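*Asks:* The structure under discussion is supplied below as structure tokens; questions concerning it will follow.
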Amino acid sequence: MTRLAQTAGLNDIQREILATVRDFVDKEIIPVATQLEHRDEYPTEIVEGLKELGLFGLMIPEEYGGLGESLLTYALCVEEIARGWMSVSGIINTHFIVAYMLKQHGTQEQKDTFLPRMALGEVRGAFSMSEPALGSDVSAISSKGVKDGDEYVLNGQKMWLTNGGTSTLVAVLCRSDEGHPEGTAPHKSMTTFLVEKEPGFGEVRPGLTIPGKIDKMGYKGVDTTELIMDDLHIPANRVLGGTTGRGFYQMMDGVEVGRVNVAARGCGVAQRAFELGVSYAQQRHTFGKPIAEHQAIQFKLAEMATKVEAAHAMMVNAARKKDSGERNDLEAGMAKYLASEYCKEVVEDAFRIHGGYGFSKEYEIERLYREAPMLLIGEGTAEIQKMIIGRRLLEEYRFQG
């Protein structure tokens, strides 16, 4: 274990899980991550290894075949996985959000049907909220689900679907006006539909098409796609929770824990960048000594390590707040904002320490430099986090004049 980013108060089971995951990352992910990333190749063997470790069911209750662990344990595992390769943590995260939404909001039939197979990784989850024209404005969703007898007919186009090709269960947010008269607030007329499909691309079930992977600057390996619904028929029992109009709240609950996950990813990538920077600084010599002995580099390393520690502490606090059953949107927003911004800064400093070699694809820091920007926008941009933080602070510190 490294000196940085230690977590106090863990029990023996948590420490054992984290040690196992870290060992897996060091042996199975880090040695092949850059090679797979450069080929934009899906990490099939790595994913199979994570299934064997039980990570796809880490937070799923034991009654459904999972490990029943806390959000904190999950976030610390994500931190370790992202330290190896951020794309792998993304594969786990979208699956985890759908499982969490089912656990918290699903009907008993939905839980019984999906959670045991999700715990084994046999059913792989993805969730779909964004659309091509709306960005962060969730209230502008135009995809629609219309009641037709015992079914709903879904139409619309969704965007930025992580695990779009490999998933077999997608939680899709659509507008559903049934039972919600004209003039109803947009967030009260949205419904989450559980859409089952075959893995792959093209028409994966009648009325549902998953086009090919979106070509991205970084965050490669994991499949990011669009999702197109053209008269897609869904049974009424696949409305999450069994009642329409609750989709916005269900999705926001999922995104809230997802923000802790993104914060954990930022912590993991920043840790790896620091490891690469401090190692290279002791190997590279200038003016007759390792550059680590130059004061300018020591100052940079000190700043990087402090940012790693601060981001980790905020992420842990946000996870523990959620585990306690308390509202954590303030803490999750702060953790996601700080961890993603610090991650970008630590990666850039490690890149600078590498000098010209940081620009070479032979060095791992080049990959991290392209991956870090995704965290600035995933699960809400910095501006969205600041809006959430600001509003919550005004609730807590309302002027009593």
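FYI, nothing fancy with the structure tokens labels: chains A, B, ... in order, residues from 1 per chain, ligands from 1 as they appear.
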Can you tell me, as a list in words, what residues are no more than 10 Å from Trp160 of chain A when counting only C-alpha atoms, ignoring any on the same chain fewer than 5 positions away?

*Replies:*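 Skipping anything fewer than 5 positions along the chain leaves Phe127, Ser128, Met129, Ser130, Glu131, Pro132, Lys213, Ile214, Asp223, Thr224, Thr225, Glu226, Leu227 and Gly378 of chain A.
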
*Asks:* Residues at most 9 Å from segment 341-350 of chain A, counting only C-alpha atoms, excluding those fewer than 6 positions away in the same chain, as a PyMOL selection string?

*Replies:* chain A and resi 265-278+280+300-301+303-305+307-308+310-311+358+365+368-369+372-373+375-376+382

*Asks:* May I have the residues within 8 Å of segment 241-258 of chain A as a PDB file with all heavy atoms, in the first residue's frame, using only C-alpha atoms and disregarding those fewer than 2 positions away in the same chain?

*Replies:*
ATOM      1  N   LEU A  71     -21.454   1.663  -0.132  1.00  0.00           N
ATOM      2  CA  LEU A  71     -21.001   2.555  -1.194  1.00  0.00           C
ATOM      3  C   LEU A  71     -19.531   2.906  -0.995  1.00  0.00           C
ATOM      4  O   LEU A  71     -18.778   3.023  -1.962  1.00  0.00           O
ATOM      5  CB  LEU A  71     -21.844   3.836  -1.217  1.00  0.00           C
ATOM      6  CG  LEU A  71     -21.424   4.899  -2.234  1.00  0.00           C
ATOM      7  CD1 LEU A  71     -21.497   4.376  -3.655  1.00  0.00           C
ATOM      8  CD2 LEU A  71     -22.295   6.157  -2.082  1.00  0.00           C
ATOM      9  N   ASN A  93     -19.238   1.055 -13.431  1.00  0.00           N
ATOM     10  CA  ASN A  93     -20.067   2.120 -12.860  1.00  0.00           C
ATOM     11  C   ASN A  93     -21.483   2.128 -13.415  1.00  0.00           C
ATOM     12  O   ASN A  93     -22.455   2.222 -12.663  1.00  0.00           O
ATOM     13  CB  ASN A  93     -19.412   3.487 -13.118  1.00  0.00           C
ATOM     14  CG  ASN A  93     -20.227   4.622 -12.516  1.00  0.00           C
ATOM     15  OD1 ASN A  93     -20.687   4.531 -11.389  1.00  0.00           O
ATOM     16  ND2 ASN A  93     -20.408   5.686 -13.276  1.00  0.00           N
ATOM     17  N   ILE A  97     -24.935   1.593 -11.282  1.00  0.00           N
ATOM     18  CA  ILE A  97     -26.015   2.570 -11.138  1.00  0.00           C
ATOM     19  C   ILE A  97     -27.369   1.924 -11.397  1.00  0.00           C
ATOM     20  O   ILE A  97     -28.346   2.157 -10.671  1.00  0.00           O
ATOM     21  CB  ILE A  97     -25.786   3.781 -12.064  1.00  0.00           C
ATOM     22  CG1 ILE A  97     -24.603   4.619 -11.558  1.00  0.00           C
ATOM     23  CG2 ILE A  97     -27.042   4.657 -12.136  1.00  0.00           C
ATOM     24  CD1 ILE A  97     -24.257   5.808 -12.431  1.00  0.00           C
ATOM     25  N   VAL A  98     -27.451   1.085 -12.438  1.00  0.00           N
ATOM     26  CA  VAL A  98     -28.717   0.409 -12.732  1.00  0.00           C
ATOM     27  C   VAL A  98     -29.091  -0.550 -11.602  1.00  0.00           C
ATOM     28  O   VAL A  98     -30.253  -0.609 -11.180  1.00  0.00           O
ATOM     29  CB  VAL A  98     -28.638  -0.337 -14.076  1.00  0.00           C
ATOM     30  CG1 VAL A  98     -29.949  -1.088 -14.353  1.00  0.00           C
ATOM     31  CG2 VAL A  98     -28.367   0.641 -15.218  1.00  0.00           C
ATOM     32  N   TYR A 100     -28.216  -0.296  -8.493  1.00  0.00           N
ATOM     33  CA  TYR A 100     -28.611   0.542  -7.349  1.00  0.00           C
ATOM     34  C   TYR A 100     -30.041   1.053  -7.522  1.00  0.00           C
ATOM     35  O   TYR A 100     -30.841   1.020  -6.576  1.00  0.00           O
ATOM     36  CB  TYR A 100     -27.640   1.717  -7.214  1.00  0.00           C
ATOM     37  CG  TYR A 100     -28.058   2.718  -6.163  1.00  0.00           C
ATOM     38  CD1 TYR A 100     -27.750   2.514  -4.822  1.00  0.00           C
ATOM     39  CD2 TYR A 100     -28.768   3.865  -6.503  1.00  0.00           C
ATOM     40  CE1 TYR A 100     -28.145   3.423  -3.848  1.00  0.00           C
ATOM     41  CE2 TYR A 100     -29.170   4.778  -5.551  1.00  0.00           C
ATOM     42  CZ  TYR A 100     -28.854   4.548  -4.221  1.00  0.00           C
ATOM     43  OH  TYR A 100     -29.258   5.458  -3.264  1.00  0.00           O
ATOM     44  N   MET A 101     -30.374   1.524  -8.726  1.00  0.00           N
ATOM     45  CA  MET A 101     -31.724   2.027  -8.982  1.00  0.00           C
ATOM     46  C   MET A 101     -32.770   0.926  -8.804  1.00  0.00           C
ATOM     47  O   MET A 101     -33.853   1.157  -8.258  1.00  0.00           O
ATOM     48  CB  MET A 101     -31.800   2.641 -10.379  1.00  0.00           C
ATOM     49  CG  MET A 101     -31.026   3.951 -10.515  1.00  0.00           C
ATOM     50  SD  MET A 101     -30.864   4.519 -12.234  1.00  0.00           S
ATOM     51  CE  MET A 101     -32.579   4.794 -12.667  1.00  0.00           C
ATOM     52  N   HIS A 105     -35.529   1.363  -6.016  1.00  0.00           N
ATOM     53  CA  HIS A 105     -36.810   1.806  -6.567  1.00  0.00           C
ATOM     54  C   HIS A 105     -37.606   0.724  -7.300  1.00  0.00           C
ATOM     55  O   HIS A 105     -38.765   0.966  -7.650  1.00  0.00           O
ATOM     56  CB  HIS A 105     -36.573   2.978  -7.535  1.00  0.00           C
ATOM     57  CG  HIS A 105     -35.799   4.108  -6.945  1.00  0.00           C
ATOM     58  ND1 HIS A 105     -36.332   4.970  -6.015  1.00  0.00           N
ATOM     59  CD2 HIS A 105     -34.505   4.520  -7.141  1.00  0.00           C
ATOM     60  CE1 HIS A 105     -35.413   5.868  -5.661  1.00  0.00           C
ATOM     61  NE2 HIS A 105     -34.304   5.606  -6.334  1.00  0.00           N
ATOM     62  N   GLY A 106     -37.001  -0.429  -7.563  1.00  0.00           N
ATOM     63  CA  GLY A 106     -37.683  -1.450  -8.349  1.00  0.00           C
ATOM     64  C   GLY A 106     -38.803  -2.145  -7.600  1.00  0.00           C
ATOM     65  O   GLY A 106     -38.823  -2.177  -6.367  1.00  0.00           O
ATOM     66  N   THR A 107     -39.728  -2.725  -8.347  1.00  0.00           N
ATOM     67  CA  THR A 107     -40.749  -3.583  -7.742  1.00  0.00           C
ATOM     68  C   THR A 107     -40.069  -4.883  -7.294  1.00  0.00           C
ATOM     69  O   THR A 107     -38.951  -5.200  -7.719  1.00  0.00           O
ATOM     70  CB  THR A 107     -41.867  -3.910  -8.751  1.00  0.00           C
ATOM     71  OG1 THR A 107     -41.307  -4.701  -9.819  1.00  0.00           O
ATOM     72  CG2 THR A 107     -42.485  -2.643  -9.317  1.00  0.00           C
ATOM     73  N   MET A 129     -29.775   8.713 -20.117  1.00  0.00           N
ATOM     74  CA  MET A 129     -30.514   9.919 -19.747  1.00  0.00           C
ATOM     75  C   MET A 129     -30.306  11.022 -20.789  1.00  0.00           C
ATOM     76  O   MET A 129     -31.242  11.670 -21.227  1.00  0.00           O
ATOM     77  CB  MET A 129     -30.059  10.393 -18.364  1.00  0.00           C
ATOM     78  CG  MET A 129     -30.811  11.565 -17.812  1.00  0.00           C
ATOM     79  SD  MET A 129     -30.493  11.797 -16.042  1.00  0.00           S
ATOM     80  CE  MET A 129     -28.709  11.984 -16.019  1.00  0.00           C
ATOM     81  N   LEU A 173     -34.526   6.946 -19.601  1.00  0.00           N
ATOM     82  CA  LEU A 173     -35.422   8.000 -19.122  1.00  0.00           C
ATOM     83  C   LEU A 173     -36.168   8.624 -20.298  1.00  0.00           C
ATOM     84  O   LEU A 173     -35.551   9.100 -21.256  1.00  0.00           O
ATOM     85  CB  LEU A 173     -34.625   9.080 -18.387  1.00  0.00           C
ATOM     86  CG  LEU A 173     -35.455  10.188 -17.726  1.00  0.00           C
ATOM     87  CD1 LEU A 173     -36.319   9.612 -16.604  1.00  0.00           C
ATOM     88  CD2 LEU A 173     -34.539  11.290 -17.177  1.00  0.00           C
ATOM     89  N   CYS A 174     -37.502   8.620 -20.229  1.00  0.00           N
ATOM     90  CA  CYS A 174     -38.351   9.192 -21.278  1.00  0.00           C
ATOM     91  C   CYS A 174     -39.438  10.061 -20.645  1.00  0.00           C
ATOM     92  O   CYS A 174     -39.774   9.900 -19.475  1.00  0.00           O
ATOM     93  CB  CYS A 174     -39.031   8.091 -22.095  1.00  0.00           C
ATOM     94  SG  CYS A 174     -37.935   7.043 -23.064  1.00  0.00           S
ATOM     95  N   SER A 176     -43.293  10.829 -20.208  1.00  0.00           N
ATOM     96  CA  SER A 176     -44.534  10.034 -20.271  1.00  0.00           C
ATOM     97  C   SER A 176     -45.651  10.896 -19.720  1.00  0.00           C
ATOM     98  O   SER A 176     -45.717  11.145 -18.522  1.00  0.00           O
ATOM     99  CB  SER A 176     -44.396   8.733 -19.467  1.00  0.00           C
ATOM    100  OG  SER A 176     -44.081   9.021 -18.127  1.00  0.00           O
ATOM    101  N   GLU A 178     -48.842  10.321 -19.642  1.00  0.00           N
ATOM    102  CA  GLU A 178     -50.002   9.599 -19.128  1.00  0.00           C
ATOM    103  C   GLU A 178     -50.193   9.878 -17.631  1.00  0.00           C
ATOM    104  O   GLU A 178     -49.306   9.661 -16.816  1.00  0.00           O
ATOM    105  CB  GLU A 178     -49.791   8.093 -19.336  1.00  0.00           C
ATOM    106  CG  GLU A 178     -50.879   7.238 -18.740  1.00  0.00           C
ATOM    107  CD  GLU A 178     -50.314   6.028 -18.002  1.00  0.00           C
ATOM    108  OE1 GLU A 178     -49.103   5.824 -17.991  1.00  0.00           O
ATOM    109  OE2 GLU A 178     -51.131   5.299 -17.429  1.00  0.00           O
ATOM    110  N   HIS A 180     -50.425  12.736 -16.330  1.00  0.00           N
ATOM    111  CA  HIS A 180     -49.794  14.003 -15.963  1.00  0.00           C
ATOM    112  C   HIS A 180     -50.313  15.075 -16.917  1.00  0.00           C
ATOM    113  O   HIS A 180     -49.851  15.173 -18.056  1.00  0.00           O
ATOM    114  CB  HIS A 180     -48.280  13.889 -16.045  1.00  0.00           C
ATOM    115  CG  HIS A 180     -47.733  12.704 -15.312  1.00  0.00           C
ATOM    116  ND1 HIS A 180     -47.691  12.629 -13.948  1.00  0.00           N
ATOM    117  CD2 HIS A 180     -47.251  11.516 -15.763  1.00  0.00           C
ATOM    118  CE1 HIS A 180     -47.196  11.461 -13.584  1.00  0.00           C
ATOM    119  NE2 HIS A 180     -46.927  10.772 -14.662  1.00  0.00           N
ATOM    120  N   HIS A 187     -40.101  17.639 -14.707  1.00  0.00           N
ATOM    121  CA  HIS A 187     -39.480  16.560 -13.938  1.00  0.00           C
ATOM    122  C   HIS A 187     -40.505  15.633 -13.291  1.00  0.00           C
ATOM    123  O   HIS A 187     -40.143  14.567 -12.786  1.00  0.00           O
ATOM    124  CB  HIS A 187     -38.545  17.144 -12.867  1.00  0.00           C
ATOM    125  CG  HIS A 187     -39.237  17.992 -11.840  1.00  0.00           C
ATOM    126  ND1 HIS A 187     -39.545  19.310 -12.055  1.00  0.00           N
ATOM    127  CD2 HIS A 187     -39.681  17.693 -10.604  1.00  0.00           C
ATOM    128  CE1 HIS A 187     -40.142  19.806 -10.984  1.00  0.00           C
ATOM    129  NE2 HIS A 187     -40.234  18.844 -10.087  1.00  0.00           N
ATOM    130  N   LYS A 188     -41.798  16.027 -13.326  1.00  0.00           N
ATOM    131  CA  LYS A 188     -42.833  15.170 -12.766  1.00  0.00           C
ATOM    132  C   LYS A 188     -43.533  14.331 -13.828  1.00  0.00           C
ATOM    133  O   LYS A 188     -44.479  13.600 -13.518  1.00  0.00           O
ATOM    134  CB  LYS A 188     -43.863  16.012 -12.011  1.00  0.00           C
ATOM    135  CG  LYS A 188     -43.300  16.656 -10.741  1.00  0.00           C
ATOM    136  CD  LYS A 188     -44.379  17.407  -9.989  1.00  0.00           C
ATOM    137  CE  LYS A 188     -43.819  18.000  -8.690  1.00  0.00           C
ATOM    138  NZ  LYS A 188     -44.855  18.753  -7.930  1.00  0.00           N
ATOM    139  N   SER A 189     -43.081  14.452 -15.073  1.00  0.00           N
ATOM    140  CA  SER A 189     -43.712  13.676 -16.154  1.00  0.00           C
ATOM    141  C   SER A 189     -42.666  12.824 -16.876  1.00  0.00           C
ATOM    142  O   SER A 189     -42.747  12.619 -18.084  1.00  0.00           O
ATOM    143  CB  SER A 189     -44.411  14.611 -17.143  1.00  0.00           C
ATOM    144  OG  SER A 189     -43.496  15.519 -17.717  1.00  0.00           O
ATOM    145  N   MET A 190     -41.688  12.346 -16.124  1.00  0.00           N
ATOM    146  CA  MET A 190     -40.653  11.485 -16.695  1.00  0.00           C
ATOM    147  C   MET A 190     -40.697  10.113 -16.040  1.00  0.00           C
ATOM    148  O   MET A 190     -41.000   9.987 -14.847  1.00  0.00           O
ATOM    149  CB  MET A 190     -39.261  12.096 -16.504  1.00  0.00           C
ATOM    150  CG  MET A 190     -39.058  13.393 -17.247  1.00  0.00           C
ATOM    151  SD  MET A 190     -37.373  14.008 -17.033  1.00  0.00           S
ATOM    152  CE  MET A 190     -37.535  15.630 -17.780  1.00  0.00           C
ATOM    153  N   THR A 191     -40.391   9.092 -16.840  1.00  0.00           N
ATOM    154  CA  THR A 191     -40.468   7.708 -16.371  1.00  0.00           C
ATOM    155  C   THR A 191     -39.213   6.957 -16.799  1.00  0.00           C
ATOM    156  O   THR A 191     -38.701   7.167 -17.904  1.00  0.00           O
ATOM    157  CB  THR A 191     -41.712   7.017 -16.951  1.00  0.00           C
ATOM    158  OG1 THR A 191     -42.886   7.692 -16.478  1.00  0.00           O
ATOM    159  CG2 THR A 191     -41.781   5.551 -16.573  1.00  0.00           C
ATOM    160  N   THR A 192     -38.710   6.094 -15.926  1.00  0.00           N
ATOM    161  CA  THR A 192     -37.591   5.226 -16.261  1.00  0.00           C
ATOM    162  C   THR A 192     -38.123   3.879 -16.733  1.00  0.00           C
ATOM    163  O   THR A 192     -38.884   3.214 -16.013  1.00  0.00           O
ATOM    164  CB  THR A 192     -36.669   5.000 -15.043  1.00  0.00           C
ATOM    165  OG1 THR A 192     -36.215   6.266 -14.563  1.00  0.00           O
ATOM    166  CG2 THR A 192     -35.470   4.148 -15.426  1.00  0.00           C
ATOM    167  N   ALA A 236     -45.664  -3.074 -19.704  1.00  0.00           N
ATOM    168  CA  ALA A 236     -45.930  -2.110 -18.635  1.00  0.00           C
ATOM    169  C   ALA A 236     -45.212  -2.475 -17.341  1.00  0.00           C
ATOM    170  O   ALA A 236     -44.891  -1.599 -16.530  1.00  0.00           O
ATOM    171  CB  ALA A 236     -47.434  -2.000 -18.395  1.00  0.00           C
ATOM    172  N   ASN A 237     -44.917  -3.764 -17.143  1.00  0.00           N
ATOM    173  CA  ASN A 237     -44.220  -4.171 -15.917  1.00  0.00           C
ATOM    174  C   ASN A 237     -42.733  -3.855 -15.942  1.00  0.00           C
ATOM    175  O   ASN A 237     -42.000  -4.221 -15.027  1.00  0.00           O
ATOM    176  CB  ASN A 237     -44.444  -5.653 -15.615  1.00  0.00           C
ATOM    177  CG  ASN A 237     -43.821  -6.581 -16.652  1.00  0.00           C
ATOM    178  OD1 ASN A 237     -43.220  -6.136 -17.636  1.00  0.00           O
ATOM    179  ND2 ASN A 237     -43.971  -7.881 -16.434  1.00  0.00           N
ATOM    180  N   ARG A 238     -42.289  -3.183 -17.005  1.00  0.00           N
ATOM    181  CA  ARG A 238     -40.898  -2.746 -17.083  1.00  0.00           C
ATOM    182  C   ARG A 238     -40.748  -1.249 -16.838  1.00  0.00           C
ATOM    183  O   ARG A 238     -39.709  -0.663 -17.134  1.00  0.00           O
ATOM    184  CB  ARG A 238     -40.279  -3.156 -18.425  1.00  0.00           C
ATOM    185  CG  ARG A 238     -40.064  -4.668 -18.537  1.00  0.00           C
ATOM    186  CD  ARG A 238     -39.108  -5.166 -17.475  1.00  0.00           C
ATOM    187  NE  ARG A 238     -38.969  -6.614 -17.429  1.00  0.00           N
ATOM    188  CZ  ARG A 238     -39.531  -7.404 -16.522  1.00  0.00           C
ATOM    189  NH1 ARG A 238     -40.300  -6.869 -15.574  1.00  0.00           N
ATOM    190  NH2 ARG A 238     -39.347  -8.704 -16.540  1.00  0.00           N
ATOM    191  N   VAL A 239     -41.794  -0.638 -16.286  1.00  0.00           N
ATOM    192  CA  VAL A 239     -41.660   0.719 -15.740  1.00  0.00           C
ATOM    193  C   VAL A 239     -40.990   0.580 -14.374  1.00  0.00           C
ATOM    194  O   VAL A 239     -41.498  -0.135 -13.500  1.00  0.00           O
ATOM    195  CB  VAL A 239     -43.039   1.395 -15.590  1.00  0.00           C
ATOM    196  CG1 VAL A 239     -42.925   2.684 -14.778  1.00  0.00           C
ATOM    197  CG2 VAL A 239     -43.639   1.689 -16.956  1.00  0.00           C
ATOM    198  N   VAL A 260     -20.259  10.112  -6.705  1.00  0.00           N
ATOM    199  CA  VAL A 260     -19.239   9.578  -5.794  1.00  0.00           C
ATOM    200  C   VAL A 260     -18.293   8.676  -6.580  1.00  0.00           C
ATOM    201  O   VAL A 260     -17.072   8.707  -6.390  1.00  0.00           O
ATOM    202  CB  VAL A 260     -19.900   8.805  -4.636  1.00  0.00           C
ATOM    203  CG1 VAL A 260     -18.831   8.157  -3.757  1.00  0.00           C
ATOM    204  CG2 VAL A 260     -20.788   9.729  -3.814  1.00  0.00           C
ATOM    205  N   ASN A 261     -18.863   7.898  -7.488  1.00  0.00           N
ATOM    206  CA  ASN A 261     -18.050   7.017  -8.329  1.00  0.00           C
ATOM    207  C   ASN A 261     -17.083   7.809  -9.202  1.00  0.00           C
ATOM    208  O   ASN A 261     -15.904   7.453  -9.320  1.00  0.00           O
ATOM    209  CB  ASN A 261     -18.967   6.161  -9.199  1.00  0.00           C
ATOM    210  CG  ASN A 261     -18.216   5.290 -10.171  1.00  0.00           C
ATOM    211  OD1 ASN A 261     -17.677   5.765 -11.171  1.00  0.00           O
ATOM    212  ND2 ASN A 261     -18.175   4.002  -9.899  1.00  0.00           N
ATOM    213  N   VAL A 262     -17.557   8.895  -9.822  1.00  0.00           N
ATOM    214  CA  VAL A 262     -16.676   9.708 -10.667  1.00  0.00           C
ATOM    215  C   VAL A 262     -15.586  10.356  -9.826  1.00  0.00           C
ATOM    216  O   VAL A 262     -14.429  10.459 -10.253  1.00  0.00           O
ATOM    217  CB  VAL A 262     -17.486  10.765 -11.442  1.00  0.00           C
ATOM    218  CG1 VAL A 262     -16.560  11.732 -12.174  1.00  0.00           C
ATOM    219  CG2 VAL A 262     -18.408  10.090 -12.449  1.00  0.00           C
ATOM    220  N   ALA A 319     -19.151   9.324   0.334  1.00  0.00           N
ATOM    221  CA  ALA A 319     -19.634   7.937   0.354  1.00  0.00           C
ATOM    222  C   ALA A 319     -20.187   7.571   1.726  1.00  0.00           C
ATOM    223  O   ALA A 319     -21.253   6.940   1.835  1.00  0.00           O
ATOM    224  CB  ALA A 319     -18.497   6.992  -0.031  1.00  0.00           C
ATOM    225  N   LYS A 322     -23.666   9.065   2.311  1.00  0.00           N
ATOM    226  CA  LYS A 322     -24.729   8.316   1.636  1.00  0.00           C
ATOM    227  C   LYS A 322     -25.010   7.007   2.360  1.00  0.00           C
ATOM    228  O   LYS A 322     -26.172   6.618   2.528  1.00  0.00           O
ATOM    229  CB  LYS A 322     -24.320   8.037   0.190  1.00  0.00           C
ATOM    230  CG  LYS A 322     -25.427   7.420  -0.668  1.00  0.00           C
ATOM    231  CD  LYS A 322     -26.497   8.438  -1.002  1.00  0.00           C
ATOM    232  CE  LYS A 322     -27.490   7.894  -2.021  1.00  0.00           C
ATOM    233  NZ  LYS A 322     -28.557   8.873  -2.327  1.00  0.00           N
ATOM    234  N   ASN A 328     -26.826  13.437   0.539  1.00  0.00           N
ATOM    235  CA  ASN A 328     -25.400  13.726   0.315  1.00  0.00           C
ATOM    236  C   ASN A 328     -25.135  14.469  -0.988  1.00  0.00           C
ATOM    237  O   ASN A 328     -24.019  14.456  -1.486  1.00  0.00           O
ATOM    238  CB  ASN A 328     -24.582  12.425   0.371  1.00  0.00           C
ATOM    239  CG  ASN A 328     -24.502  11.722  -0.973  1.00  0.00           C
ATOM    240  OD1 ASN A 328     -25.456  11.749  -1.770  1.00  0.00           O
ATOM    241  ND2 ASN A 328     -23.373  11.081  -1.244  1.00  0.00           N
ATOM    242  N   ASP A 329     -26.160  15.144  -1.533  1.00  0.00           N
ATOM    243  CA  ASP A 329     -25.935  15.822  -2.802  1.00  0.00           C
ATOM    244  C   ASP A 329     -24.887  16.923  -2.688  1.00  0.00           C
ATOM    245  O   ASP A 329     -24.105  17.152  -3.626  1.00  0.00           O
ATOM    246  CB  ASP A 329     -27.242  16.368  -3.388  1.00  0.00           C
ATOM    247  CG  ASP A 329     -28.014  17.235  -2.407  1.00  0.00           C
ATOM    248  OD1 ASP A 329     -27.729  17.170  -1.201  1.00  0.00           O
ATOM    249  OD2 ASP A 329     -28.918  17.970  -2.852  1.00  0.00           O
ATOM    250  N   ALA A 332     -21.484  14.978  -2.370  1.00  0.00           N
ATOM    251  CA  ALA A 332     -21.164  14.311  -3.630  1.00  0.00           C
ATOM    252  C   ALA A 332     -20.774  15.328  -4.697  1.00  0.00           C
ATOM    253  O   ALA A 332     -19.837  15.104  -5.478  1.00  0.00           O
ATOM    254  CB  ALA A 332     -22.357  13.478  -4.111  1.00  0.00           C
ATOM    255  N   GLU A 379     -21.174  12.724 -15.408  1.00  0.00           N
ATOM    256  CA  GLU A 379     -22.107  12.877 -14.280  1.00  0.00           C
ATOM    257  C   GLU A 379     -22.302  14.337 -13.894  1.00  0.00           C
ATOM    258  O   GLU A 379     -22.533  14.668 -12.732  1.00  0.00           O
ATOM    259  CB  GLU A 379     -21.638  12.078 -13.041  1.00  0.00           C
ATOM    260  CG  GLU A 379     -21.202  10.669 -13.327  1.00  0.00           C
ATOM    261  CD  GLU A 379     -22.340   9.784 -13.811  1.00  0.00           C
ATOM    262  OE1 GLU A 379     -23.402  10.305 -14.137  1.00  0.00           O
ATOM    263  OE2 GLU A 379     -22.144   8.571 -13.870  1.00  0.00           O
TER     264      GLU A 379
END

*Asks:* Check the DSSP output for the backbone and give back, as a count of residues only, the residues of segment 41-218 of chain A in strand (DSSP E).

*Replies:* 42

*Asks:* Could you pull the residues within 12 Å of Tyr64 of chain A, counting only C-alpha atoms, minus those fewer than 6 positions along the same chain, as a PyMOL selection string?

*Replies:* chain A and resi 57-58+99+102-103+108+110-120

*Asks:* So which residues of segment 343-392 of chain A fall under alpha helix (DSSP H) by DSSP, listed as an MDAnalysis selection string?

*Replies:* chainID A and resid 343:354 364:377 382:392

*Asks:* Between atom CA of Ile29 of chain A and atom CA of Ile81 of chain A, what distance in Å does the model show, to one decimal?

*Replies:*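 Between atom CA of Ile29 of chain A and atom CA of Ile81 of chain A the gap is 8.1 Å.
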
*Asks:* Can you measure atom CA of Ser279 of chain A to atom CA of Arg83 of chain A for me? One decimal in Å is fine.

*Replies:*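 Spanning atom CA of Ser279 of chain A to atom CA of Arg83 of chain A is a straight-line distance of 15.3 Å.
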
*Asks:* In Å, rounded to a single decimal, give me how far atom CA of Asn163 of chain A is from atom CA of Ala140 of chain A.

*Replies:*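 Interatomic distance here is 23.6 Å.
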